[in-house]
Amino acid sequence: MNLIIQPDAGVVPVVQAINKAKTRVDLAIFRSDRKEIEKALAAAVLRGAHVRVLVAHTARGAENRLRKLEQRLLDAGITVTRTGDDFIRYHGKYLLVDQTLHVYAFNFTTADMVRSRSFGVSTRDAAAVREASALFDADCTRQPYGPKRSPLVVSPETSREHLTAFIKGARKQLLIYDLNVQDPACLKLLKQQAAAGVDIRVLGKLKLKGVDALDSRPLRTMRLHARVIIRDGSRAFLGSQSLRRLELDQRREVGILISNPSVARKMQEVFEQDWIDSATRKEEVASEEQVSKKEVEVEEEEPEVQPRTTPVRSRKSA
């Protein structure tokens, strides 16, 4: 599994993935303004790959751009399908190249890829590739999608179930990037986990007041366009769905559960640095005071060590 970190990586990993295609490219688009991706798709057609693009039927303020994008892709010989209108939004962003699945939290836009914190992953996990292929075919043909067991997390079919179980599985820590955590059931669960001693921090927006255990702050160093949960430094979720009722239950959203510890740890490192960089001076002082308090508590709890003495043995006379 490979990790993409935005804005460091930019458009290059997406273009490189498409350039490797030998037999097929399936791409789901919600927003796109990068001509490099269009050129890579056209080049894949010329190489003989079967290239299909599924374009969202609507995106706020972008319908005209999406329709023009469809025409440019058609002119390049690409098979273009527009999503149905069964859901309010078809918001997933994913790419299938031969037998590799790429799942993104970012759109294929300059705003998301150059100016925003976001992430993407690629995997050759057979179950994930199979499920993403089945989902793509179902949405292209406007047929119902019947999920099977896999790491793929799809709204509205499986997101609530998978993400509830994922959050419940935390033992020590949940680090969350989310533009707007507001689903009542998820907030209740996060509150319960915090009460059980789980360290929960949110970079983004958290609609829950009066709960000191749930620490949140905006990402102050750059624009945020990520939906990520990092659990205990060894597991993670990445996708297009926020912890909002609308995105869990009424929209087409696509994400993936990550079981690769090295990828999860790298995401954790990025979060921790973003958390530090986004702190106000008041938050920095509070953090330093909390660390000092813990150090004092540890010192007070340490038992006094008594000096060890060696007993003196008496010598018996011969």
# chains A, B, ... in the order shown; residues from 1 in each chain; ligands from 1
call {"tool": "residues_around", "arguments": {"residues": "segment 23-37 of chain A", "least_positions_apart": "3", "cutoff": "9 Å", "atoms": "only C-alpha atoms", "output": "PyMOL selection string"}}
result
chain A and resi 11-12+14-15+18+40-42+44+47-59+62+65-66+69+89-99+107-110+133+136
call {"tool": "write_last_selection", "arguments": {"atoms": "N, CA and C atoms", "output": "compact mmCIF listing (two decimals), in the first residue's frame"}}
result
# COMPACT_ATOMS: atom_id res chain seq x y z
N VAL A 11 -0.41 16.57 -8.33
CA VAL A 11 -1.12 15.76 -9.31
C VAL A 11 -0.30 14.57 -9.80
N VAL A 12 1.00 14.59 -9.54
CA VAL A 12 1.92 13.60 -10.12
C VAL A 12 1.52 12.14 -9.85
N VAL A 14 -1.33 10.70 -9.37
CA VAL A 14 -2.52 10.32 -10.13
C VAL A 14 -2.17 10.11 -11.59
N VAL A 15 -1.40 11.02 -12.14
CA VAL A 15 -0.98 10.90 -13.55
C VAL A 15 -0.10 9.66 -13.74
N ILE A 18 -2.23 6.48 -13.86
CA ILE A 18 -2.92 6.30 -15.15
C ILE A 18 -1.94 5.90 -16.24
N ALA A 40 -3.48 12.29 -19.62
CA ALA A 40 -3.08 10.92 -19.28
C ALA A 40 -4.16 9.92 -19.66
N LEU A 41 -5.42 10.28 -19.45
CA LEU A 41 -6.53 9.40 -19.84
C LEU A 41 -6.56 9.21 -21.36
N ALA A 42 -6.38 10.30 -22.10
CA ALA A 42 -6.38 10.21 -23.56
C ALA A 42 -5.21 9.35 -24.05
N ALA A 44 -3.85 6.89 -22.44
CA ALA A 44 -4.16 5.49 -22.12
C ALA A 44 -5.05 4.88 -23.20
N ARG A 47 -2.99 3.90 -26.08
CA ARG A 47 -2.19 2.69 -25.82
C ARG A 47 -3.03 1.42 -25.91
N GLY A 48 -4.36 1.58 -26.01
CA GLY A 48 -5.22 0.41 -26.13
C GLY A 48 -5.96 0.03 -24.86
N ALA A 49 -5.81 0.81 -23.81
CA ALA A 49 -6.53 0.53 -22.57
C ALA A 49 -8.00 0.92 -22.71
N HIS A 50 -8.86 0.19 -22.02
CA HIS A 50 -10.28 0.53 -21.98
C HIS A 50 -10.47 1.56 -20.86
N VAL A 51 -10.79 2.79 -21.23
CA VAL A 51 -10.87 3.89 -20.28
C VAL A 51 -12.32 4.32 -20.11
N ARG A 52 -12.80 4.25 -18.86
CA ARG A 52 -14.16 4.69 -18.53
C ARG A 52 -14.09 5.75 -17.44
N VAL A 53 -14.90 6.78 -17.58
CA VAL A 53 -14.96 7.83 -16.56
C VAL A 53 -16.41 8.02 -16.15
N LEU A 54 -16.63 7.98 -14.85
CA LEU A 54 -17.96 8.19 -14.27
C LEU A 54 -17.98 9.59 -13.67
N VAL A 55 -18.80 10.47 -14.24
CA VAL A 55 -18.83 11.87 -13.83
C VAL A 55 -20.08 12.15 -13.01
N ALA A 56 -19.91 12.84 -11.90
CA ALA A 56 -21.05 13.17 -11.04
C ALA A 56 -22.08 14.00 -11.80
N HIS A 57 -23.36 13.71 -11.56
CA HIS A 57 -24.41 14.43 -12.27
C HIS A 57 -24.50 15.88 -11.81
N THR A 58 -24.05 16.14 -10.58
CA THR A 58 -24.08 17.50 -10.07
C THR A 58 -22.99 17.71 -9.03
N ALA A 59 -22.53 18.95 -8.95
CA ALA A 59 -21.60 19.40 -7.91
C ALA A 59 -21.87 20.89 -7.75
N ALA A 62 -20.75 23.72 -10.12
CA ALA A 62 -19.81 23.18 -11.12
C ALA A 62 -20.48 22.39 -12.23
N ARG A 65 -19.10 23.17 -15.74
CA ARG A 65 -17.73 22.66 -15.91
C ARG A 65 -17.72 21.15 -16.08
N LEU A 66 -18.60 20.46 -15.36
CA LEU A 66 -18.66 19.00 -15.48
C LEU A 66 -19.13 18.59 -16.87
N LEU A 69 -16.34 19.09 -19.26
CA LEU A 69 -15.36 18.02 -19.04
C LEU A 69 -15.81 16.75 -19.75
N ARG A 89 -25.74 13.49 -3.84
CA ARG A 89 -24.41 13.68 -4.43
C ARG A 89 -23.76 12.33 -4.69
N TYR A 90 -23.02 12.27 -5.78
CA TYR A 90 -22.09 11.17 -6.02
C TYR A 90 -20.71 11.77 -5.78
N HIS A 91 -20.22 11.60 -4.56
CA HIS A 91 -19.09 12.39 -4.06
C HIS A 91 -17.78 11.59 -3.98
N GLY A 92 -17.81 10.29 -4.32
CA GLY A 92 -16.62 9.46 -4.22
C GLY A 92 -15.57 9.82 -5.25
N LYS A 93 -14.29 9.64 -4.86
CA LYS A 93 -13.17 9.88 -5.78
C LYS A 93 -12.26 8.66 -5.72
N TYR A 94 -12.29 7.84 -6.75
CA TYR A 94 -11.45 6.65 -6.76
C TYR A 94 -11.08 6.29 -8.19
N LEU A 95 -10.02 5.51 -8.29
CA LEU A 95 -9.44 5.16 -9.58
C LEU A 95 -9.04 3.69 -9.57
N LEU A 96 -9.42 2.97 -10.60
CA LEU A 96 -8.99 1.59 -10.80
C LEU A 96 -8.11 1.54 -12.04
N VAL A 97 -6.87 1.08 -11.84
CA VAL A 97 -5.94 0.91 -12.95
C VAL A 97 -5.50 -0.55 -12.95
N ASP A 98 -5.91 -1.30 -13.97
CA ASP A 98 -5.66 -2.74 -14.01
C ASP A 98 -6.13 -3.37 -12.70
N GLN A 99 -5.25 -3.91 -11.88
CA GLN A 99 -5.66 -4.55 -10.63
C GLN A 99 -5.23 -3.77 -9.39
N ASN A 107 -10.38 15.95 -4.40
CA ASN A 107 -10.83 16.05 -5.79
C ASN A 107 -9.62 16.28 -6.69
N PHE A 108 -9.84 16.15 -7.98
CA PHE A 108 -8.76 16.33 -8.94
C PHE A 108 -8.70 17.80 -9.37
N THR A 109 -8.49 18.66 -8.37
CA THR A 109 -8.49 20.11 -8.59
C THR A 109 -7.24 20.73 -7.99
N THR A 110 -6.89 21.88 -8.48
CA THR A 110 -5.74 22.61 -7.95
C THR A 110 -5.97 22.96 -6.49
N SER A 133 -14.64 -2.38 -8.24
CA SER A 133 -15.05 -2.68 -9.62
C SER A 133 -16.56 -2.90 -9.68
N PHE A 136 -18.31 0.47 -9.26
CA PHE A 136 -18.20 1.28 -10.46
C PHE A 136 -19.18 0.80 -11.53
call {"tool": "residues_around", "arguments": {"residues": "segment 250-256 of chain A", "least_positions_apart": "5", "cutoff": "9 Å", "atoms": "only C-alpha atoms", "output": "PyMOL selection string"}}
result
chain A and resi 86-94+103-105+121+128+132+150-157+159+227+236-241+245
call {"tool": "select_by_dssp", "arguments": {"residues": "segment 125-252 of chain A", "states": "helix (DSSP H, G or I)", "output": "JSON, numbers by chain"}}
result
{"A": [126, 127, 128, 129, 130, 131, 132, 133, 134, 135, 136, 137, 138, 139, 140, 141, 159, 160, 161, 162, 163, 164, 165, 166, 167, 168, 184, 185, 186, 187, 188, 189, 190, 191, 192, 193, 194, 195, 245, 246, 247, 248, 249]}
call {"tool": "atom_distance", "arguments": {"atom1": "atom CA of Ser262 of chain A", "atom2": "atom CA of Asp125 of chain A"}}
result
16.1 Å
call {"tool": "atom_distance", "arguments": {"atom1": "atom CA of Lys39 of chain A", "atom2": "atom CA of Val129 of chain A"}}
result
24.4 Å
call {"tool": "residues_around", "arguments": {"residues": "Gln273 of chain A", "least_positions_apart": "3", "cutoff": "12 Å", "atoms": "only C-alpha atoms", "output": "list in words"}}
result
Leu175, Leu203, Leu219, Arg220, Thr221, Lys266, Met267, Gln268, Glu269, Val270, Ile276, Asp277, Ser278 and Ala279 of chain A
call {"tool": "select_by_dssp", "arguments": {"residues": "segment 169-244 of chain A", "states": "strand (DSSP E)", "output": "ChimeraX atom specification"}}
result
/A:173-181,199-206,214-217,223-224,227-231,235-239
call {"tool": "write_last_selection", "arguments": {"atoms": "N, CA and C atoms", "output": "compact mmCIF listing (two decimals), in the first residue's frame"}}
result
# COMPACT_ATOMS: atom_id res chain seq x y z
N GLN A 173 -6.31 5.87 21.18
CA GLN A 173 -6.29 7.16 20.49
C GLN A 173 -7.10 7.15 19.20
N LEU A 174 -7.76 8.27 18.93
CA LEU A 174 -8.42 8.53 17.65
C LEU A 174 -8.04 9.94 17.22
N LEU A 175 -7.32 10.05 16.10
CA LEU A 175 -6.95 11.34 15.53
C LEU A 175 -7.78 11.53 14.27
N ILE A 176 -8.51 12.63 14.20
CA ILE A 176 -9.52 12.80 13.15
C ILE A 176 -9.29 14.09 12.37
N TYR A 177 -9.20 13.96 11.04
CA TYR A 177 -9.32 15.10 10.15
C TYR A 177 -10.76 15.07 9.62
N ASP A 178 -11.52 16.13 9.84
CA ASP A 178 -12.90 16.15 9.33
C ASP A 178 -13.39 17.58 9.27
N LEU A 179 -13.99 17.95 8.16
CA LEU A 179 -14.47 19.31 7.99
C LEU A 179 -15.64 19.63 8.93
N ASN A 180 -16.41 18.60 9.30
CA ASN A 180 -17.59 18.89 10.12
C ASN A 180 -18.13 17.61 10.74
N VAL A 181 -17.66 17.26 11.93
CA VAL A 181 -18.19 16.09 12.65
C VAL A 181 -19.47 16.52 13.35
N ASP A 199 -7.79 9.01 23.86
CA ASP A 199 -7.36 10.35 23.47
C ASP A 199 -7.97 10.67 22.11
N ILE A 200 -8.89 11.64 22.08
CA ILE A 200 -9.57 12.00 20.84
C ILE A 200 -9.28 13.45 20.51
N ARG A 201 -8.73 13.67 19.31
CA ARG A 201 -8.44 15.01 18.84
C ARG A 201 -8.94 15.17 17.41
N VAL A 202 -9.49 16.34 17.13
CA VAL A 202 -10.07 16.60 15.81
C VAL A 202 -9.44 17.85 15.21
N LEU A 203 -8.90 17.72 14.01
CA LEU A 203 -8.50 18.87 13.22
C LEU A 203 -9.62 19.13 12.22
N GLY A 204 -10.32 20.24 12.42
CA GLY A 204 -11.47 20.55 11.62
C GLY A 204 -12.53 21.18 12.49
N LYS A 205 -13.75 20.69 12.36
CA LYS A 205 -14.87 21.25 13.12
C LYS A 205 -15.61 20.14 13.82
N LEU A 206 -15.92 20.37 15.10
CA LEU A 206 -16.60 19.36 15.92
C LEU A 206 -17.83 19.99 16.54
N LEU A 214 -12.95 15.91 24.32
CA LEU A 214 -12.88 15.92 22.86
C LEU A 214 -12.25 17.24 22.42
N ASP A 215 -10.99 17.19 22.12
CA ASP A 215 -10.22 18.39 21.80
C ASP A 215 -10.25 18.61 20.31
N SER A 216 -10.57 19.82 19.89
CA SER A 216 -10.60 20.12 18.46
C SER A 216 -10.04 21.50 18.21
N ARG A 217 -9.51 21.68 17.01
CA ARG A 217 -9.03 22.99 16.57
C ARG A 217 -9.04 23.00 15.05
N ARG A 223 -5.62 25.01 3.83
CA ARG A 223 -6.99 24.56 3.62
C ARG A 223 -7.09 23.07 3.96
N LEU A 224 -8.23 22.65 4.50
CA LEU A 224 -8.44 21.24 4.85
C LEU A 224 -9.44 20.62 3.90
N ARG A 227 -10.95 13.58 4.99
CA ARG A 227 -11.79 12.82 5.93
C ARG A 227 -10.98 11.59 6.31
N VAL A 228 -10.36 11.67 7.47
CA VAL A 228 -9.41 10.64 7.89
C VAL A 228 -9.59 10.37 9.38
N ILE A 229 -9.51 9.11 9.77
CA ILE A 229 -9.47 8.73 11.18
C ILE A 229 -8.29 7.79 11.37
N ILE A 230 -7.39 8.13 12.29
CA ILE A 230 -6.23 7.30 12.58
C ILE A 230 -6.43 6.68 13.96
N ARG A 231 -6.41 5.36 14.03
CA ARG A 231 -6.74 4.66 15.28
C ARG A 231 -5.52 3.97 15.86
N ARG A 235 -3.98 1.68 12.58
CA ARG A 235 -5.07 1.49 11.64
C ARG A 235 -5.59 2.86 11.23
N ALA A 236 -6.25 2.94 10.08
CA ALA A 236 -6.78 4.23 9.65
C ALA A 236 -7.97 4.04 8.72
N PHE A 237 -8.74 5.09 8.60
CA PHE A 237 -9.79 5.20 7.59
C PHE A 237 -9.51 6.44 6.77
N LEU A 238 -9.73 6.34 5.47
CA LEU A 238 -9.57 7.47 4.55
C LEU A 238 -10.69 7.41 3.53
N GLY A 239 -11.33 8.54 3.26
CA GLY A 239 -12.39 8.52 2.27
C GLY A 239 -12.96 9.88 1.96
call {"tool": "atom_distance", "arguments": {"atom1": "atom CA of Ala43 of chain A", "atom2": "atom CA of Lys22 of chain A"}}
result
11.1 Å
